[in-house]
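Novice: Quick one: structure below, then a few questions.
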Amino acid sequence: MTSSDPLPQKQILSYPVRGPEIEALICIFKQKPVMSLDVLVEKFVPPEANNQPTKTDLLREALNFLRTVEFIQQTTDESQTLTFHLVDNIKNNEPFSLQLLNRLHRFDDDRRAFRLITDLVTKENLLFAHRKELVTKLEMNSPGSYSWNEEKLRTWQQLADYLGLIRSIKPDHGDTMFCPKPGLLLELLKKYRDNHQKENLISIGDWLTFVHENFFSCFTERQEVHIGMARGLRSMQTMGQLTFKMHSDAPRSVVLEGQRVAHLEINLSFARRAGL
Amino acid sequence: MSKIHRCWTEEAVNRYFTTEAMAKDKDVFMQVHLPINQIIVDKNYNAFHDLDEQEYTDEEGLKNLILKSTPQQSNRIFSLIGETGSGKSELCQWLYYQIQDDTHIPILIRRSMTRLRDIVAEINRHLNEPVPGEMKDITDLWEESVSKQLVASMLLYLQQPQVLNEVGNQDSYQLRQLINTDGFELRMRRNFMDYRDEVQRLDKARELNLLPEQHFRDLVVAAGGLKKPAICYQHLQRAITDCLATTLQVEDLVAKLKQISVAFKQSGQRPVLLIEDITTFSFLQNDLLDYLFDLGSGNFDVVIGITTDFERTNEQQIYKAQQTIRERIEGRFVLTDDQNETLFLRENYVPLAALYLKAIKDKKCSICNSETAFSQAFGQNLYPFNQPMLENIYKNLQQDGNRKQTPRLFLRALRHVLRNAQSPFEAIENEASVQSPTAWYAQTVVSSRELEKLLKWYGYNTNQGVFLNKHIAEAFAISVPSRIEVTDTGYYRFNPRPGGERLPDPPDFIVSKKPSIKITNVEPHQGQARMSNTITISGTNFQSGCTIHLGERKLSISYLSDTHLKATVPAELAPGTYNLAVINPDGSQAHYPNAYTVTEPASPSITQVQPIEGEANQINTVFIQGINFQNRCVVYLGSAALATKFISATELSVTIPANVPAGTYGLTVTNPDGKKATWTNAYTVKPEDLFGQLDQWLERQGVFPGRAKFKEGVWKLFDMFQFEPFVLQHPHSIASKRSPLIYSRGDKDSQIYLHGSADSKQPGYLKLTIHPQTEFRDLYSQVLALGQELYQIDDITQLDHPFLYDWLRSRVDDLQQEMHKGLATALGMPLPNFIVLTKFLLLNNTTGLCDFTTEALAQPLFKANPFSVGSMGDRPEKLATWWSDIQSLFQAFFHFRDNIVNYPYLHQVVAECDPLQALYGLRNIDSRNIYEAYTIGSAKDAYPLRGLVALVSLYARDLVTIQQNRQFTTSPSVEQLQTIADLCPPTEDVDPEKMRTQLDKLRRLCTHAGINWQRQWDLSLHPLDDVAAQLDFQPLGKCLNQVISRYSQLGSKMNVFVYLSLQREIQTVANTPEYEVLNTIGKIDQHITHFLTHRPGRGDPRTDSRFEAFQQKMALFLKMAGK
């Protein structure tokens, strides 16, 4: 077998990619793990008028991003035909968002750029921020090789929004609300429950630590729960999706916006509806 | 016959009473021109606004409007509409004489200039160029060349792809057969000769129609009928017009107009083209109108005379029916009403007659020109008519059995009388354009036929009898029986006809007795002070223009009839009783003592107000009780008048509007007589307790009048979170060319519905629904506070943004699910499936796509020629006009970006659809079940989805019909295609020139052999002579064989989509010049073979030695042609 081409050198946030597009690619790879570039172009890139050459740049960028995050590998044969292979450890039944967040959180080389932003926002307990402000803060916190700019922040924002980590809002009010979406939180609860206790009653402290270690940071510099996470959970509670429980002797309880909580219980009817 | 006084000559009559305004020279014209003072201004055009929005204008107004233009302004068109003879030419001529400033130069295209040459000559006059010598005239043309040229043009015209498309292959074929017959050409030739002879004979053009509809119908019946005869007829007419226009060099006229426009503009001038009658231009109308309506084409002011009939029947042609072109008409002016009556003539026929009669008479005539009794009896300048006779003539003018009051007919009738040797009352009886008037006298008293006629025409018909001036009877030497009484003013009085209809009173100059005036009643006879009141006065012999006096006060009056008057008693009249007097304009008067009493009214008083308070921003009803309230009294809250309902003299109800600021107000009742009652601090408007209302709604589903603030809060959040609740598309599409489906109905307030808050939810409206949920009290309070601007939107201490986001997202999701569900029910399938199927139908029709695969459907739609078979009509064409909307809708649902398709989603939808099966569902969609408010995209002129759905449904119906009946026969048939394929020359180097030479030889042989060589063959073989065509038969052969092979292999795989694809391919092949050539060669072969084998009465031709050579040549040719 031909050996894989080396990883692209482009910085992870320099790809002009969006979440839905890369998930669509992975979805197709899961059905057919090995495909040539031509096959992918035929599927994803519509032909141009008057037999003009098809515009494959964006598709190539998306494929290279997937290579960078090690979802796929690329090989080139003698005739310079490019073939892409889904890496073996991509699980079919695992949500794309969790798989990607997990990868992005684990990188400890230059690909850390994605998590550096999440870490900063959580550390400083921000709920709203403009990309511009973040660029300044990031330059101060992680100077040097990352060359932060608004374009990179925009890529991060689009990816993070799609993955459910944040919510994009109208630029007048900051352009990002750092608060995970209920869909992501539920997937994380489900993942934790399936991995650990198989029960509906979940220790919030343990769960947050699990998320913090594997997917994205949840605790501020003062080891408090990030405001966005707290409000996201509380919203789910008010919407009737979760119930907060507290026993005075419960270990590893946390304070969510002034309310001490030890356990989370997924509402049963909601859990059924959400397929949990 | 009576001998009458004549002080005019026939020559003078002929000089002044011309049929056409243009037949007079300027002096004569100005002498008898009566100002045209009543012209209707059409409100739908700019001129109406330029003329201060007056309903009518006059000739001066029109002239001034024309003179307003500057040399640089683009074309301005004024249409002048009227019956024939209603004064259009008169007005054009008058404008021609009057438009004489330095800038505007009038050019008059007279009705008499019926030939193109004359018109161009008139234009050349202004360019200082000679009269055109080289210009062709219709009379210069030779009939045989015209008819041949017309036939050839029609054949070529019918083969244009667009015409073929509209007419259909079958009709086109049949028409060409029909045109090819000698009978058709002969008919065209004969019609042309008739027309040309008439033009030569009359020296003027009439409407040219070389193919009258009846002739066409006869020919069509003889040819066995057509599917779309009306469309075919239109096309043939167009072909004839085009051909004649080319032959007669019509473009020269347009070129001349361009030339004059440029020349005038350069010299700072502006031509004013006065076209007396558009029909002057006969078949040139189209080109001329096209040029003039093209606003950028020149700098003219154009006045076009158009007859009412012509405008009615040619509205499309004149105004092109399109708003944009319609707007290019600056003004539309109408001279006649819908009863064919010329407006300016209605009040002026007597002065008009007087002008003409004065002009023709001997100025020295002592009888007519002095103040003799004779002259007075007829009226100044009116002899030999009088006012009743002119009225009788005018009112009884007719043409073809219809009333028609036009100056032309009127003057024609006068001229007839003046030129006739008989007495006027005898002569007028013989004039066809005037109906005899009704006689209003009792027949028994009239002794002679002459007197009868004299009375009928010259008598004043009144309710007291018919009056005839003694001097008129004397002037015509008619004797009147002695028993007929004579009034003291010198009129014979003949009793009226018994049972005749009501007639006017005789005028004063006939009878001097004045009728007496009398008041019999005044009603009402009293009213309150400080209130105006209307009274009715009854009596007899009130005259128009009379005045009414109540005491010393003159009242304003409405004259109803000679027995009833209405008057207004003013509010300021002091209490008391007054006498009333009516004074006629002739001085006669009547008095009515103590006719009307003005009484002092009682003052109102308020005793109770209920309720005494209400909340701000709510509409409240308040009841006021008291005494002496009068109808139409008004209640004021502070100084603001309220909507007041008068219930009784002791009770009123008023409405306190929602916008009254909080505070305590006094209430004042003001009666119409001015008396008032005030209650201070009567009503308090409390500040609105919105949070209380919110609680009330949440807990008890009570009314929430201040809900608009809550909704404002919701909209602020939509804005912040960038939610678009009424927009349907794939959530992750950012394709720049996408057009989502948008529901837009009502304002922001009405798009949200608060359930149970007394909010309105009209049926047929989609709304985002919010239910009162107590568990969300905190969240709802935040929304309300946001709407009230108590919190800033980014205040994270007061607002729980994530919660607001999640809650609102769930509301939007519910709404969008409801939208999708409703659409799916109406469409019989999910909306994305409908979009995919619609795109497939259009791709199938315009590109021949048959494969319903994800990859094929991802290809974009482009503007392409649609394709129609069978009874589809113009539906494919209409559907194809939606290509861009369908593509952009597709992008909104199935593209991530312009050049990235959401492949997995598209794949999933494609897998759900079976296009053949889906056709049955699409066919049954009732588009009325789709909300009209759904549009594709948000542009102002975005198309409604309903329109697309209706069209798709109709198109699907067509396809289902083909599929169900398995109407998969191709046209031309596969057998025909095979014949042509067999004819395809086998080698690459077939030289069209050699083929031509062979064909020419063949043609000579045929002529020699007596075989009729058809003209159509030559036309169809024309590409052989065209070097540029570069005929290549090889690809045609390949292509035909492929199609035939594909068809034969289909078998059970044949369906309507494959059939359309195949038929499209065949049609493309059949439209190539190579196919046309080979098809014709096939026909020639067939014809000759048939001739050779069926030559009547000459035995077997194959044994005839004269044909031996021919057969050899034929074989050689066919070998060359590949057979």
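Letters for chains follow the order of the structure tokens (A, B, ...), residue numbers begin at 1 for each chain, and ligand numbers begin at 1 in the order shown.
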Using DSSP secondary structure from the backbone, list all alpha helix (DSSP H) positions within segment 6-253 of chain A, as a ChimeraX atom specification.
Specialist: /A:19-31,37-44,57-68,96-106,113-123,131-141,150-163,182-195,204-214,227-238
Novice: Give me, as a list in words, the residues of segment 21-187 of chain A that a backbone DSSP run labels strand (DSSP E).
Specialist: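 Assigned to strand (DSSP E), within segment 21-187 of chain A: Val34, Met35, Ser36, Ile72, Gln73, Gln74, Thr75, Thr76, Leu82, Thr83, Phe84, His85, Leu86, Phe128, Ala129, Arg167, Ser168, Thr176 and Met177 of chain A.
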Novice: What does the file look like for those residues with N, CA, C and O atoms, as a short mmCIF file (atom, residue, chain, number, x, y, z; two decimals), in the first residue's frame?
Specialist:
data_model
loop_
_atom_site.label_atom_id
_atom_site.label_comp_id
_atom_site.auth_asym_id
_atom_site.auth_seq_id
_atom_site.Cartn_x
_atom_site.Cartn_y
_atom_site.Cartn_z
N VAL A 34 -12.93 4.82 1.23
CA VAL A 34 -11.83 5.21 0.32
C VAL A 34 -12.44 5.80 -0.95
O VAL A 34 -13.25 5.16 -1.61
N MET A 35 -12.03 7.02 -1.26
CA MET A 35 -12.56 7.67 -2.46
C MET A 35 -11.48 8.54 -3.09
O MET A 35 -10.67 9.15 -2.38
N SER A 36 -11.53 8.61 -4.42
CA SER A 36 -10.58 9.50 -5.10
C SER A 36 -11.12 10.92 -5.10
O SER A 36 -12.32 11.15 -4.87
N ILE A 72 -9.04 11.90 8.03
CA ILE A 72 -8.74 11.15 6.80
C ILE A 72 -7.26 11.26 6.47
O ILE A 72 -6.57 12.15 7.01
N GLN A 73 -6.83 10.36 5.57
CA GLN A 73 -5.44 10.44 5.09
C GLN A 73 -5.48 10.51 3.57
O GLN A 73 -6.45 10.08 2.94
N GLN A 74 -4.38 11.04 3.02
CA GLN A 74 -4.34 11.16 1.56
C GLN A 74 -3.18 10.36 1.02
O GLN A 74 -2.10 10.32 1.63
N THR A 75 -3.42 9.70 -0.13
CA THR A 75 -2.30 9.05 -0.82
C THR A 75 -2.27 9.54 -2.26
O THR A 75 -3.30 9.94 -2.80
N THR A 76 -1.04 9.50 -2.82
CA THR A 76 -0.89 9.93 -4.22
C THR A 76 -0.20 8.80 -4.97
O THR A 76 0.86 8.35 -4.55
N LEU A 82 -5.14 11.52 -6.55
CA LEU A 82 -5.27 11.66 -5.10
C LEU A 82 -6.39 10.77 -4.61
O LEU A 82 -7.49 10.77 -5.17
N THR A 83 -6.08 10.00 -3.54
CA THR A 83 -7.11 9.16 -2.94
C THR A 83 -7.15 9.46 -1.45
O THR A 83 -6.12 9.70 -0.83
N PHE A 84 -8.37 9.45 -0.90
CA PHE A 84 -8.53 9.77 0.51
C PHE A 84 -9.10 8.57 1.25
O PHE A 84 -9.97 7.87 0.72
N HIS A 85 -8.60 8.37 2.46
CA HIS A 85 -9.00 7.19 3.25
C HIS A 85 -9.47 7.67 4.61
O HIS A 85 -8.81 8.49 5.26
N LEU A 86 -10.59 7.16 5.04
CA LEU A 86 -11.07 7.48 6.39
C LEU A 86 -10.18 6.74 7.38
O LEU A 86 -9.88 5.56 7.17
N PHE A 128 -20.12 37.20 26.43
CA PHE A 128 -20.13 37.81 25.10
C PHE A 128 -18.74 38.34 24.78
O PHE A 128 -18.05 38.81 25.68
N ALA A 129 -18.39 38.31 23.52
CA ALA A 129 -17.16 39.00 23.13
C ALA A 129 -17.17 39.25 21.63
O ALA A 129 -17.85 38.55 20.86
N ARG A 167 -22.83 30.30 20.40
CA ARG A 167 -23.92 30.77 19.53
C ARG A 167 -23.49 32.09 18.92
O ARG A 167 -23.07 33.00 19.65
N SER A 168 -23.61 32.18 17.60
CA SER A 168 -23.26 33.44 16.94
C SER A 168 -24.44 34.39 17.10
O SER A 168 -25.59 33.99 16.97
N THR A 176 -20.30 36.86 19.53
CA THR A 176 -20.34 35.48 19.98
C THR A 176 -20.90 35.40 21.40
O THR A 176 -20.56 36.23 22.25
N MET A 177 -21.76 34.41 21.62
CA MET A 177 -22.23 34.16 22.97
C MET A 177 -21.63 32.80 23.34
O MET A 177 -21.93 31.79 22.70
#
Novice: With only C-alpha atoms considered, list every residue of chain B at most 9 Å from chain A, as a ChimeraX atom specification.
Specialist: /B:719-722,732,775-776,793-794,796,800-807,854-855,858-860,862,896,898-905
Novice: Env of Phe114 of chain A: 9 Å cut, atoms = only C-alpha atoms, seq-sep filter 5 positions within chain, self excluded. Answer as a PyMOL selection string.
Specialist: chain A and resi 12-13+104-105+156+160
Novice: List the neighbours of Ser69 of chain B out to 10 Å using only C-alpha atoms; skip same-chain residues closer than 2 positions along the sequence, and give me the result as a list in words.
Specialist: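 The residues that qualify are Asn64, Leu65, Ile66, Leu67, Pro71, Gln72, Gln73, Ser74, Asn75, Arg76, Thr103, His104, Arg270, Asn299, Phe300 and Asp301 of chain B.
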Novice: Tell me, in Å to one decimal, how far atom CA of Val69 of chain A is from atom CA of Asp109 of chain A.
Specialist: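 Separation between atom CA of Val69 of chain A and atom CA of Asp109 of chain A: 11.6 Å.
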Novice: What is the atom CA of Ala758 of chain B-atom CA of Asn620 of chain B distance in Å, reported with one decimal?
Specialist: 15.0 Å
Novice: Check the smallest atom-to-atom distance from each of B:Leu175, B:Gly848, B:Gln729, B:Met872 to Met819 of chain B using only C-alpha atoms, then report the winner.
Specialist: B:Gln729
Novice: Using only C-alpha atoms, can you tell me which of B:Asp52, B:Glu600, B:Asp400, B:Asp695 comes closest to Lys675 of chain B?
Specialist: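 The closest residue to Lys675 of chain B is B:Glu600.
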Novice: For Val87 of chain A, which residue among A:Arg193, A:Arg131, A:Arg67, A:His263 is the nearest when counting only C-alpha atoms?
Specialist: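 Using only C-alpha atoms, Val87 of chain A sits closest to A:Arg67.
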Novice: Name the residues in contact with Leu256 of chain A at a cut-off of 8 Å, using only C-alpha atoms, excluding same-chain residues fewer than 2 positions from it; report them as a ChimeraX atom specification.
Specialist: /A:225,227,230-231,234,254,258-261
Novice: Which residue, B:Gln543, B:Ser375, B:Ile39, B:Ser423, has the smallest gap to His471 of chain B when you use only C-alpha atoms?
Specialist: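 Of B:Gln543, B:Ser375, B:Ile39, B:Ser423, the one nearest His471 of chain B, counting only C-alpha atoms, is B:Ser375.
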Novice: Write out as a PyMOL selection string the residues lying within 9 Å of Glu341 of chain B, counting only C-alpha atoms and excluding same-chain residues fewer than 3 positions away.
Specialist: chain B and resi 83+86+335-338+344-346+403-406
Novice: Applying 9 Å and only C-alpha atoms, which residues near Leu189 of chain A remain after dropping the ones on its own chain fewer than 5 positions away? List them as number ranges by chain.
Specialist: A: 184, 194, 202, 207, 266
Novice: Quick one: distance from atom CA of Arg811 of chain B to atom CA of Glu94 of chain A in Å, one decimal?
Specialist: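 One can read the atom CA of Arg811 of chain B to atom CA of Glu94 of chain A distance as 28.5 Å.
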